[in-house]
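Below is coords.cif, holding mmCIF, C-alpha atoms.
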```cif
data_entry
#
loop_
_atom_site.label_atom_id
_atom_site.label_comp_id
_atom_site.auth_asym_id
_atom_site.auth_seq_id
_atom_site.Cartn_x
_atom_site.Cartn_y
_atom_site.Cartn_z
CA MET B 25 0.00 0.00 0.00
CA VAL B 26 1.11 3.54 -0.85
CA VAL B 27 -0.52 6.80 0.25
CA PHE B 28 -1.31 10.08 -1.49
CA GLU B 29 -2.21 13.29 0.34
CA PHE B 30 -5.28 15.15 -0.89
CA ASP B 31 -7.17 17.98 0.83
CA GLY B 32 -5.65 17.00 4.17
CA LEU B 33 -6.77 13.39 3.69
CA THR B 34 -4.68 10.27 3.31
CA ILE B 35 -5.66 8.35 0.19
CA ALA B 36 -4.54 4.72 0.01
CA TYR B 37 -3.65 3.04 -3.26
CA ASP B 38 -1.66 0.18 -4.72
CA HIS B 39 0.72 0.45 -7.65
CA ALA B 40 2.59 -2.17 -9.64
CA GLY B 41 4.08 -2.69 -13.08
CA THR B 42 5.33 -0.44 -15.84
CA GLY B 43 3.85 0.61 -19.15
CA ASP B 44 0.64 2.34 -20.13
CA PRO B 45 -1.27 3.50 -17.03
CA ILE B 46 -4.55 2.03 -15.80
CA VAL B 47 -6.43 3.38 -12.77
CA PHE B 48 -9.05 1.18 -11.06
CA LEU B 49 -11.85 2.90 -9.13
CA HIS B 50 -14.27 1.04 -6.88
CA ASN B 51 -17.98 1.36 -6.10
CA LEU B 52 -19.74 2.91 -3.13
CA GLY B 53 -19.34 0.45 -0.28
CA GLY B 54 -16.35 -1.25 -1.90
CA ASP B 55 -12.61 -0.75 -1.78
CA ARG B 56 -9.61 -1.16 -4.07
CA GLY B 57 -9.45 -4.87 -3.27
CA ILE B 58 -12.33 -5.67 -5.63
CA TRP B 59 -9.88 -5.21 -8.50
CA SER B 60 -7.22 -7.57 -7.16
CA ALA B 61 -7.58 -10.13 -9.97
CA GLN B 62 -7.35 -7.50 -12.71
CA PHE B 63 -4.58 -5.61 -10.89
CA ASP B 64 -2.40 -8.70 -10.54
CA ALA B 65 -3.00 -9.92 -14.09
CA LEU B 66 -2.32 -6.61 -15.81
CA ALA B 67 0.68 -5.54 -13.73
CA ALA B 68 2.84 -7.74 -15.95
CA THR B 69 2.36 -5.40 -18.93
CA ARG B 70 0.86 -2.15 -17.61
CA SER B 71 1.39 0.39 -14.85
CA VAL B 72 -1.65 -0.31 -12.69
CA TYR B 73 -3.11 1.73 -9.84
CA ALA B 74 -6.01 0.76 -7.57
CA VAL B 75 -7.31 3.61 -5.41
CA ASP B 76 -9.47 3.75 -2.29
CA TRP B 77 -11.84 6.72 -2.45
CA PHE B 78 -11.82 8.76 0.73
CA GLY B 79 -14.26 7.22 3.18
CA TYR B 80 -13.39 3.69 2.03
CA GLY B 81 -10.77 1.00 2.47
CA ASP B 82 -7.59 2.29 4.05
CA SER B 83 -8.20 5.94 3.15
CA THR B 84 -9.26 8.60 5.64
CA VAL B 85 -12.95 8.66 6.61
CA PRO B 86 -13.66 12.39 7.00
CA ASP B 87 -16.62 13.80 8.90
CA ASP B 88 -17.97 15.61 5.84
CA GLY B 89 -17.16 16.70 2.30
CA TYR B 90 -18.70 13.74 0.47
CA THR B 91 -19.56 15.46 -2.80
CA ILE B 92 -19.21 14.49 -6.43
CA ASP B 93 -17.08 17.57 -7.09
CA ARG B 94 -14.63 16.64 -4.34
CA TYR B 95 -14.31 13.07 -5.58
CA LEU B 96 -13.68 14.42 -9.08
CA ARG B 97 -11.02 16.76 -7.71
CA LEU B 98 -9.39 13.78 -6.01
CA LEU B 99 -9.30 11.82 -9.27
CA ALA B 100 -7.90 14.79 -11.21
CA ALA B 101 -5.29 15.43 -8.51
CA PHE B 102 -4.24 11.78 -8.47
CA VAL B 103 -3.83 11.68 -12.25
CA GLU B 104 -1.84 14.92 -12.25
CA ALA B 105 0.39 14.04 -9.28
CA HIS B 106 1.37 10.73 -10.88
CA ASP B 107 1.74 12.27 -14.37
CA LEU B 108 -0.65 9.72 -15.85
CA ARG B 109 -0.93 10.60 -19.51
CA ASP B 110 -3.18 8.71 -21.89
CA VAL B 111 -4.65 6.88 -18.92
CA THR B 112 -7.28 4.13 -19.03
CA LEU B 113 -9.90 4.56 -16.31
CA VAL B 114 -11.69 1.45 -15.07
CA GLY B 115 -14.58 1.91 -12.67
CA ASN B 116 -17.37 0.01 -11.00
CA CYS B 117 -20.67 1.77 -10.24
CA PHE B 118 -19.69 5.12 -8.67
CA GLY B 119 -16.16 4.60 -9.98
CA SER B 120 -17.59 4.33 -13.51
CA ALA B 121 -19.60 7.52 -13.03
CA MET B 122 -16.55 9.42 -11.81
CA SER B 123 -14.46 8.04 -14.70
CA LEU B 124 -17.04 9.21 -17.23
CA LEU B 125 -17.39 12.64 -15.64
CA HIS B 126 -13.61 13.05 -15.48
CA ALA B 127 -13.30 12.12 -19.15
CA ARG B 128 -15.97 14.67 -20.08
CA ARG B 129 -13.84 17.34 -18.43
CA ASN B 130 -10.48 16.00 -19.64
CA PRO B 131 -11.08 13.96 -22.81
CA ALA B 132 -7.59 14.53 -24.23
CA GLY B 133 -5.93 12.95 -21.18
CA VAL B 134 -7.93 9.71 -21.24
CA ARG B 135 -7.07 6.81 -23.50
CA ALA B 136 -10.12 4.65 -22.81
CA LEU B 137 -12.91 3.99 -20.33
CA VAL B 138 -14.05 0.63 -19.03
CA LEU B 139 -17.34 1.21 -17.21
CA VAL B 140 -18.51 -1.73 -15.13
CA ASN B 141 -22.12 -1.36 -13.94
CA PRO B 142 -22.11 2.43 -14.47
CA LEU B 143 -24.11 4.36 -11.88
CA THR B 144 -26.50 6.96 -13.27
CA ALA B 145 -29.86 8.23 -12.08
CA ALA B 146 -31.60 5.87 -14.51
CA THR B 147 -29.58 2.73 -13.69
CA LEU B 148 -30.19 3.26 -9.97
CA ARG B 149 -33.87 4.22 -10.14
CA PRO B 150 -35.61 0.81 -10.72
CA THR B 151 -33.82 -1.10 -7.95
CA ARG B 152 -34.37 -1.51 -4.21
CA SER B 153 -31.21 0.53 -3.71
CA GLY B 154 -32.72 3.28 -5.83
CA LEU B 155 -35.95 3.24 -3.84
CA ALA B 156 -34.01 3.48 -0.59
CA ALA B 157 -31.81 6.28 -1.95
CA ARG B 158 -34.85 8.37 -2.93
CA ALA B 159 -36.60 7.75 0.39
CA LEU B 160 -33.58 8.66 2.49
CA ARG B 161 -32.09 11.47 0.41
CA ARG B 162 -33.56 14.28 2.48
CA VAL B 163 -33.22 12.56 5.85
CA PRO B 164 -30.25 13.84 7.93
CA LEU B 165 -28.49 10.50 8.23
CA ASP B 166 -24.90 11.67 8.68
CA PRO B 167 -24.97 11.43 12.51
CA LEU B 168 -26.32 7.89 12.22
CA GLY B 169 -23.65 7.04 9.65
CA ARG B 170 -20.95 8.22 12.04
CA ALA B 171 -22.34 6.33 15.03
CA LEU B 172 -23.76 3.08 13.65
CA ARG B 173 -21.66 -0.04 13.27
CA LEU B 174 -23.18 -2.95 11.35
CA PRO B 175 -23.36 -6.40 13.00
CA SER B 176 -21.58 -9.09 11.01
CA ALA B 177 -24.85 -10.77 10.01
CA ILE B 178 -26.20 -7.53 8.49
CA ALA B 179 -22.85 -6.84 6.83
CA GLY B 180 -23.08 -10.27 5.23
CA LEU B 181 -26.52 -9.46 3.81
CA VAL B 182 -25.27 -6.14 2.42
CA VAL B 183 -22.46 -7.86 0.55
CA ARG B 184 -24.64 -10.79 -0.56
CA GLU B 185 -27.01 -8.31 -2.22
CA GLN B 186 -24.14 -7.35 -4.51
CA LEU B 187 -23.53 -10.89 -5.75
CA GLY B 188 -25.33 -12.58 -8.61
CA GLY B 189 -24.94 -16.14 -7.37
CA ARG B 190 -21.21 -16.73 -7.55
CA THR B 191 -18.93 -16.53 -4.54
CA GLY B 192 -16.05 -14.11 -4.30
CA GLY B 193 -13.69 -15.85 -1.90
CA GLU B 194 -11.40 -13.69 0.23
CA VAL B 195 -12.36 -10.44 -1.51
CA VAL B 196 -15.98 -10.85 -0.44
CA ALA B 197 -14.93 -11.91 3.07
CA SER B 198 -12.81 -8.76 3.30
CA LEU B 199 -15.74 -6.58 2.23
CA ARG B 200 -17.91 -8.17 4.92
CA ARG B 201 -15.28 -7.30 7.53
CA ARG B 202 -15.03 -3.74 6.22
CA TRP B 203 -18.76 -3.21 6.63
CA THR B 204 -18.54 -4.04 10.34
CA GLU B 205 -15.95 -1.31 10.99
CA PRO B 206 -16.92 2.03 12.59
CA ARG B 207 -18.16 4.85 10.33
CA ARG B 208 -18.45 2.68 7.22
CA LEU B 209 -22.03 3.84 6.63
CA LEU B 210 -21.10 7.52 6.67
CA PRO B 211 -19.79 7.82 3.07
CA ILE B 212 -22.95 6.11 1.78
CA THR B 213 -25.42 8.19 3.77
CA ALA B 214 -23.57 11.41 2.99
CA ILE B 215 -23.43 10.95 -0.79
CA LEU B 216 -27.14 10.16 -1.25
CA ARG B 217 -28.11 13.81 -1.69
CA GLU B 218 -25.58 14.12 -4.53
CA LEU B 219 -26.71 11.17 -6.65
CA PRO B 220 -29.45 13.01 -8.63
CA ARG B 221 -26.63 14.95 -10.29
CA LEU B 222 -25.67 11.79 -12.15
CA ALA B 223 -28.76 12.20 -14.34
CA GLU B 224 -26.52 14.19 -16.68
CA LEU B 225 -24.88 10.92 -17.69
CA ASP B 226 -28.18 9.51 -18.94
CA THR B 227 -28.35 12.06 -21.74
CA PHE B 228 -24.65 12.33 -22.54
CA ARG B 229 -23.82 11.45 -26.13
CA PRO B 230 -20.06 11.22 -26.74
CA ASP B 231 -18.78 12.75 -29.96
CA GLY B 232 -16.19 11.24 -32.26
CA ASP B 233 -13.27 12.70 -30.31
CA PHE B 234 -14.34 11.17 -26.99
CA PRO B 235 -12.26 8.27 -25.62
CA PRO B 236 -13.54 4.80 -26.58
CA ILE B 237 -15.90 3.21 -24.07
CA THR B 238 -16.39 -0.40 -23.00
CA THR B 239 -19.37 -1.21 -20.79
CA VAL B 240 -19.64 -4.34 -18.65
CA TRP B 241 -22.77 -5.41 -16.78
CA GLY B 242 -23.51 -8.22 -14.39
CA GLU B 243 -26.77 -9.64 -15.71
CA ARG B 244 -28.02 -10.37 -12.17
CA ASN B 245 -27.14 -6.98 -10.72
CA ARG B 246 -29.62 -6.07 -7.97
CA VAL B 247 -27.96 -2.80 -6.96
CA LEU B 248 -28.24 -1.21 -10.40
CA SER B 249 -30.46 -2.19 -13.32
CA ALA B 250 -28.78 -4.04 -16.17
CA ALA B 251 -31.89 -3.39 -18.28
CA ALA B 252 -31.45 0.34 -17.73
CA GLY B 253 -27.79 -0.21 -18.56
CA ARG B 254 -28.78 -1.52 -21.98
CA ARG B 255 -30.76 1.67 -22.56
CA LEU B 256 -27.75 3.70 -21.41
CA ASP B 257 -25.70 1.96 -24.10
CA THR B 258 -27.93 3.54 -26.76
CA THR B 259 -26.68 7.00 -25.78
CA LEU B 260 -23.12 6.16 -24.70
CA ARG B 261 -22.64 4.06 -27.85
CA PRO B 262 -19.79 1.99 -26.42
CA ASP B 263 -17.24 0.42 -28.74
CA ARG B 264 -17.84 -2.81 -26.86
CA SER B 265 -20.59 -3.93 -24.51
CA LEU B 266 -20.29 -7.07 -22.39
CA VAL B 267 -22.95 -8.74 -20.23
CA LEU B 268 -21.81 -11.41 -17.78
CA PRO B 269 -24.42 -14.03 -16.83
CA ARG B 270 -24.69 -15.16 -13.20
CA CYS B 271 -22.84 -12.04 -12.09
CA GLY B 272 -24.12 -9.17 -9.99
CA HIS B 273 -22.68 -5.86 -8.87
CA LEU B 274 -19.19 -7.31 -8.30
CA ALA B 275 -18.66 -8.88 -11.71
CA MET B 276 -14.91 -8.28 -11.57
CA VAL B 277 -14.79 -10.50 -8.48
CA GLU B 278 -17.38 -13.07 -9.52
CA ASP B 279 -16.06 -13.70 -13.04
CA PRO B 280 -12.70 -11.92 -13.21
CA ASP B 281 -11.23 -13.20 -16.48
CA PRO B 282 -13.70 -11.57 -18.94
CA VAL B 283 -13.36 -8.27 -17.08
CA THR B 284 -9.57 -8.52 -17.19
CA ASP B 285 -9.71 -9.30 -20.91
CA ALA B 286 -11.99 -6.30 -21.52
CA VAL B 287 -9.58 -3.98 -19.72
CA ARG B 288 -6.59 -5.43 -21.54
CA ALA B 289 -8.27 -4.95 -24.91
CA ALA B 290 -9.28 -1.36 -24.11
CA ALA B 291 -5.95 -0.29 -22.67
#
```
Kindly return the structure encoded in the file as structure tokens.
Amino acid sequence: MVVFEFDGLTIAYDHAGTGDPIVFLHNLGGDRGIWSAQFDALAATRSVYAVDWFGYGDSTVPDDGYTIDRYLRLLAAFVEAHDLRDVTLVGNCFGSAMSLLHARRNPAGVRALVLVNPLTAATLRPTRSGLAARALRRVPLDPLGRALRLPSAIAGLVVREQLGGRTGGEVVASLRRRWTEPRRLLPITAILRELPRLAELDTFRPDGDFPPITTVWGERNRVLSAAAGRRLDTTLRPDRSLVLPRCGHLAMVEDPDPVTDAVRAAA
């Protein structure tokens, strides 16, 4: 593990390999460990980075400041500080949304995007997670997020909801442990009020100069809607679109090889 200082926060990341740069960005509720299979496989030929967003993994969990703009500033600062030119951004869920937003602001600096289960207003809306997000958006949950610690049984249910039927071995066990740690709910509760902003991605139509896009969906995703993802493909017009059967929200963990191959082909 290496650390990067941003806005007075310590940001944890892993780095390995040399060659063209790839940055892996996790989902809300995840950490950089979800990309371990892709990270290890691609380090042989690429310079790979896997980052913990602030609030997650081994990064600082601040009391406040959970905004889309601040996460985008973190991503831009990380890319600049490491002089990552012609970078491939690989995200899951929120990580995909941030990758796409970053590329809209800095298209010349991005080589390609691999968007796994991209989070937008439309892909979130039809699911139980979307219903909960809308119901709780205006409720002041930050104090609860700071104080509440999930029992292991509930943490197990939270992680199981993200799986499509396959098991994820040690990565999934690690996520379950993370969810039982203090303050792990805070980043989720605090970002809810920001998620409607991601509606801009539902109408975004890349032009011919935009970096090439690959989309990957877990067919059994219960956190985001794969059906809405297919509709999103009609506006994003990805160069390649991949749907993985029997996979859910953690497709890169459940069926790692096709995701690794998609990243390798894009980068």
Original post:
For Arg288 of chain B, which residue among B:Asp76, B:Asp44, B:Asp233, B:Asp31 is the nearest when counting all atoms listed in the file?
Top reply: B:Asp44
**OP:** Could you tell me which of B:Leu137, B:Ala146, B:Leu187, B:Ile46 comes closest to Ala275 of chain B if we count all atoms listed in the file?
**Re:**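 Counting all atoms listed in the file, the residue closest to Ala275 of chain B is B:Leu187.
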**OP:** Write out as a list of chain:residue names which residues come within 8 Å of Trp77 of chain B when counting all atoms listed in the file, dropping same-chain ones fewer than 4 positions away.
**Re:**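 Within the cut-off, the hits are B:Ile35, B:Ala36, B:Leu49, B:His50, B:Asp55, B:Gly81, B:Ser83, B:Tyr95.
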**OP:** Pick out the residues sitting within 9 Å of Ala127 of chain B, and hand them over as a PyMOL selection string; count all atoms listed in the file, and ignore anything fewer than 3 positions along from it in its own chain.
**Re:** chain B and resi 113+122-124+130-134+136-137+234-235
Subject >> the PyMOL selection byres ((chain B and resi 120) around 12) applied to the shown file, residues as a ChimeraX atom specification >> reply: /B:47-52,96,99,112-119,121-127,136-144,222,225,237-241
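The closest residue to Pro262 of chain B, picked from B:Pro236, B:Gly89, B:Pro282, B:Gly242 and counting all atoms listed in the file, is B:Pro236.
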Selected by the PyMOL selection byres ((chain B and resi 166-177) around 12) in the shown coordinates: which residues, as a CSV table (one decimal) with C-alpha atoms, keeping the file's coordinate frame?
```csv
chain,number,residue,atom,x,y,z
B,79,GLY,CA,-14.3,7.2,3.2
B,85,VAL,CA,-13.0,8.7,6.6
B,86,PRO,CA,-13.7,12.4,7.0
B,87,ASP,CA,-16.6,13.8,8.9
B,88,ASP,CA,-18.0,15.6,5.8
B,89,GLY,CA,-17.2,16.7,2.3
B,90,TYR,CA,-18.7,13.7,0.5
B,160,LEU,CA,-33.6,8.7,2.5
B,161,ARG,CA,-32.1,11.5,0.4
B,162,ARG,CA,-33.6,14.3,2.5
B,163,VAL,CA,-33.2,12.6,5.8
B,164,PRO,CA,-30.2,13.8,7.9
B,165,LEU,CA,-28.5,10.5,8.2
B,178,ILE,CA,-26.2,-7.5,8.5
B,179,ALA,CA,-22.8,-6.8,6.8
B,180,GLY,CA,-23.1,-10.3,5.2
B,181,LEU,CA,-26.5,-9.5,3.8
B,182,VAL,CA,-25.3,-6.1,2.4
B,183,VAL,CA,-22.5,-7.9,0.6
B,184,ARG,CA,-24.6,-10.8,-0.6
B,197,ALA,CA,-14.9,-11.9,3.1
B,198,SER,CA,-12.8,-8.8,3.3
B,199,LEU,CA,-15.7,-6.6,2.2
B,200,ARG,CA,-17.9,-8.2,4.9
B,201,ARG,CA,-15.3,-7.3,7.5
B,202,ARG,CA,-15.0,-3.7,6.2
B,203,TRP,CA,-18.8,-3.2,6.6
B,204,THR,CA,-18.5,-4.0,10.3
B,205,GLU,CA,-16.0,-1.3,11.0
B,206,PRO,CA,-16.9,2.0,12.6
B,207,ARG,CA,-18.2,4.8,10.3
B,208,ARG,CA,-18.4,2.7,7.2
B,209,LEU,CA,-22.0,3.8,6.6
B,210,LEU,CA,-21.1,7.5,6.7
B,211,PRO,CA,-19.8,7.8,3.1
B,212,ILE,CA,-23.0,6.1,1.8
B,213,THR,CA,-25.4,8.2,3.8
B,214,ALA,CA,-23.6,11.4,3.0
B,215,ILE,CA,-23.4,11.0,-0.8
B,216,LEU,CA,-27.1,10.2,-1.2
B,217,ARG,CA,-28.1,13.8,-1.7
```
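Nearest-residue note for Leu248 of chain B: choosing from B:Ala67, B:Leu148, B:Ala101, B:Ala74, the minimum distance belongs to B:Leu148, counting only C-alpha atoms.
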Original post:
Given the file above and the PyMOL selection byres ((chain B and resi 230) around 8), which residues are selected, and can you give them as a ChimeraX atom specification?
Top reply: /B:228-229,231-234,259-261
Subject >> Nearest to Val26 of chain B, chosen from B:Ala223, B:Ala40, B:Ala251, B:Leu274, with only C-alpha atoms counted in the distances >> reply: B:Ala40
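The smallest atom-to-atom distance between Leu219 of chain B and any of B:Glu278, B:Glu194, B:Asp93, B:Asp257, using only C-alpha atoms, is found for B:Asp93.
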Can you sort out the box for segment 208-217 of chain B, edges along x, y and z, all listed atoms in, 3 Å on every side, with centre and edge lengths in Å to one decimal, as lines of an AutoDock Vina configuration file?
```
center_x = -23.3
center_y = 8.2
center_z = 2.8
size_x = 15.7
size_y = 17.1
size_z = 14.9
```
Subject >> Coordinates-based distance that separates atom CA of Phe78 of chain B from atom CA of Phe30 of chain B (Å, one decimal) >> reply: 9.3 Å
Subject >> Interatomic distance, atom CA of Ser249 of chain B to atom CA of Thr147 of chain B (Å, one decimal) >> reply: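 Computing it gives 5.0 Å between the two atoms.
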Please tell me which residues are no farther than 9 Å from (-25.9, -8.9, -19.0) in the file, counting all atoms listed in the file, and write them as a PDB file with C-alpha atoms, in the coordinates of the input.
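Contents of selection36.pdb, freshly written:
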```
ATOM      1  CA  VAL B 240     -19.640  -4.340 -18.650  1.00  0.00           C
ATOM      2  CA  TRP B 241     -22.770  -5.410 -16.780  1.00  0.00           C
ATOM      3  CA  GLY B 242     -23.510  -8.220 -14.390  1.00  0.00           C
ATOM      4  CA  GLU B 243     -26.770  -9.640 -15.710  1.00  0.00           C
ATOM      5  CA  ARG B 244     -28.020 -10.370 -12.170  1.00  0.00           C
ATOM      6  CA  ASN B 245     -27.140  -6.980 -10.720  1.00  0.00           C
ATOM      7  CA  ALA B 250     -28.780  -4.040 -16.170  1.00  0.00           C
ATOM      8  CA  ALA B 251     -31.890  -3.390 -18.280  1.00  0.00           C
ATOM      9  CA  GLY B 253     -27.790  -0.210 -18.560  1.00  0.00           C
ATOM     10  CA  ARG B 254     -28.780  -1.520 -21.980  1.00  0.00           C
ATOM     11  CA  LEU B 266     -20.290  -7.070 -22.390  1.00  0.00           C
ATOM     12  CA  VAL B 267     -22.950  -8.740 -20.230  1.00  0.00           C
ATOM     13  CA  LEU B 268     -21.810 -11.410 -17.780  1.00  0.00           C
ATOM     14  CA  PRO B 269     -24.420 -14.030 -16.830  1.00  0.00           C
ATOM     15  CA  ARG B 270     -24.690 -15.160 -13.200  1.00  0.00           C
ATOM     16  CA  CYS B 271     -22.840 -12.040 -12.090  1.00  0.00           C
TER      17      CYS B 271
END
```
Subject >> Point-to-point distance from atom CA of Thr258 of chain B to atom CA of Ala291 of chain B, Å rounded to tenths >> reply: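 So the two atoms, atom CA of Thr258 of chain B and atom CA of Ala291 of chain B, lie 22.7 Å apart.
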Subject >> Test item: residues at most 9 Å from Ser153 of chain B, all atoms listed in the file, excluding those fewer than 4 positions along its chain, as a PyMOL selection string >> reply: chain B and resi 148-149+157-158+246-248
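The neighbours of Asp281 of chain B here are the residues that come within 12 Å of it, using only C-alpha atoms and leaving out any residue fewer than 2 positions away in the same chain; they are Trp59, Ser60, Ala61, Gln62, Phe63, Asp64, Ala65, Leu66, Leu268, Ala275, Met276, Val277, Glu278, Asp279, Val283, Thr284, Asp285, Ala286, Val287 and Arg288 of chain B.
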Subject >> Neighbours of point (0.9, 0.9, -11.1) within 7 Å, using all atoms listed in the file, written as a PyMOL selection string >> reply: chain B and resi 38-42+45+67+71-73
For segment 208-235 of chain B, supply N, CA and C atoms and report the output as a short mmCIF file (atom, residue, chain, number, x, y, z; two decimals), in the coordinates of the input.
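Writing done, so here's selection.cif:
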```
data_model
loop_
_atom_site.label_atom_id
_atom_site.label_comp_id
_atom_site.auth_asym_id
_atom_site.auth_seq_id
_atom_site.Cartn_x
_atom_site.Cartn_y
_atom_site.Cartn_z
N ARG B 208 -18.41 3.12 8.62
CA ARG B 208 -18.45 2.68 7.22
C ARG B 208 -19.73 3.09 6.51
N LEU B 209 -20.79 3.38 7.27
CA LEU B 209 -22.03 3.84 6.63
C LEU B 209 -21.98 5.31 6.25
N LEU B 210 -21.11 6.07 6.88
CA LEU B 210 -21.10 7.52 6.67
C LEU B 210 -20.92 7.92 5.21
N PRO B 211 -19.94 7.39 4.47
CA PRO B 211 -19.79 7.82 3.07
C PRO B 211 -21.03 7.54 2.22
N ILE B 212 -21.74 6.45 2.54
CA ILE B 212 -22.95 6.11 1.78
C ILE B 212 -24.07 7.10 2.10
N THR B 213 -24.33 7.29 3.39
CA THR B 213 -25.42 8.19 3.77
C THR B 213 -25.16 9.62 3.31
N ALA B 214 -23.90 10.03 3.32
CA ALA B 214 -23.57 11.41 2.99
C ALA B 214 -23.65 11.70 1.50
N ILE B 215 -23.45 10.71 0.65
CA ILE B 215 -23.43 10.95 -0.79
C ILE B 215 -24.83 10.87 -1.41
N LEU B 216 -25.82 10.38 -0.67
CA LEU B 216 -27.14 10.16 -1.25
C LEU B 216 -27.71 11.43 -1.87
N ARG B 217 -27.53 12.56 -1.20
CA ARG B 217 -28.11 13.81 -1.69
C ARG B 217 -27.46 14.28 -2.99
N GLU B 218 -26.30 13.72 -3.32
CA GLU B 218 -25.58 14.12 -4.53
C GLU B 218 -25.97 13.29 -5.76
N LEU B 219 -26.54 12.11 -5.54
CA LEU B 219 -26.71 11.17 -6.65
C LEU B 219 -27.63 11.67 -7.77
N PRO B 220 -28.65 12.51 -7.50
CA PRO B 220 -29.45 13.01 -8.63
C PRO B 220 -28.63 13.75 -9.69
N ARG B 221 -27.48 14.26 -9.31
CA ARG B 221 -26.63 14.95 -10.29
C ARG B 221 -26.17 14.03 -11.41
N LEU B 222 -26.16 12.73 -11.15
CA LEU B 222 -25.67 11.79 -12.15
C LEU B 222 -26.66 11.58 -13.30
N ALA B 223 -27.82 12.25 -13.22
CA ALA B 223 -28.76 12.20 -14.34
C ALA B 223 -28.15 12.76 -15.62
N GLU B 224 -27.16 13.64 -15.49
CA GLU B 224 -26.52 14.19 -16.68
C GLU B 224 -25.88 13.11 -17.54
N LEU B 225 -25.51 11.99 -16.93
CA LEU B 225 -24.88 10.92 -17.69
C LEU B 225 -25.89 10.15 -18.54
N ASP B 226 -27.17 10.24 -18.19
CA ASP B 226 -28.18 9.51 -18.94
C ASP B 226 -28.47 10.14 -20.30
N THR B 227 -28.10 11.39 -20.47
CA THR B 227 -28.35 12.06 -21.74
C THR B 227 -27.06 12.42 -22.47
N PHE B 228 -25.94 12.01 -21.92
CA PHE B 228 -24.65 12.33 -22.54
C PHE B 228 -24.43 11.48 -23.77
N ARG B 229 -24.12 12.14 -24.87
CA ARG B 229 -23.82 11.45 -26.13
C ARG B 229 -22.40 11.81 -26.56
N PRO B 230 -21.45 10.91 -26.38
CA PRO B 230 -20.06 11.22 -26.74
C PRO B 230 -19.93 11.52 -28.23
N ASP B 231 -19.05 12.47 -28.55
CA ASP B 231 -18.78 12.75 -29.96
C ASP B 231 -17.61 11.88 -30.44
N GLY B 232 -17.21 12.09 -31.66
CA GLY B 232 -16.19 11.24 -32.26
C GLY B 232 -14.82 11.38 -31.64
N ASP B 233 -14.58 12.48 -30.93
CA ASP B 233 -13.27 12.70 -30.31
C ASP B 233 -13.20 12.18 -28.88
N PHE B 234 -14.31 11.65 -28.37
CA PHE B 234 -14.34 11.17 -26.99
C PHE B 234 -13.60 9.83 -26.90
N PRO B 235 -12.96 9.56 -25.76
CA PRO B 235 -12.26 8.27 -25.62
C PRO B 235 -13.20 7.08 -25.82
#
```
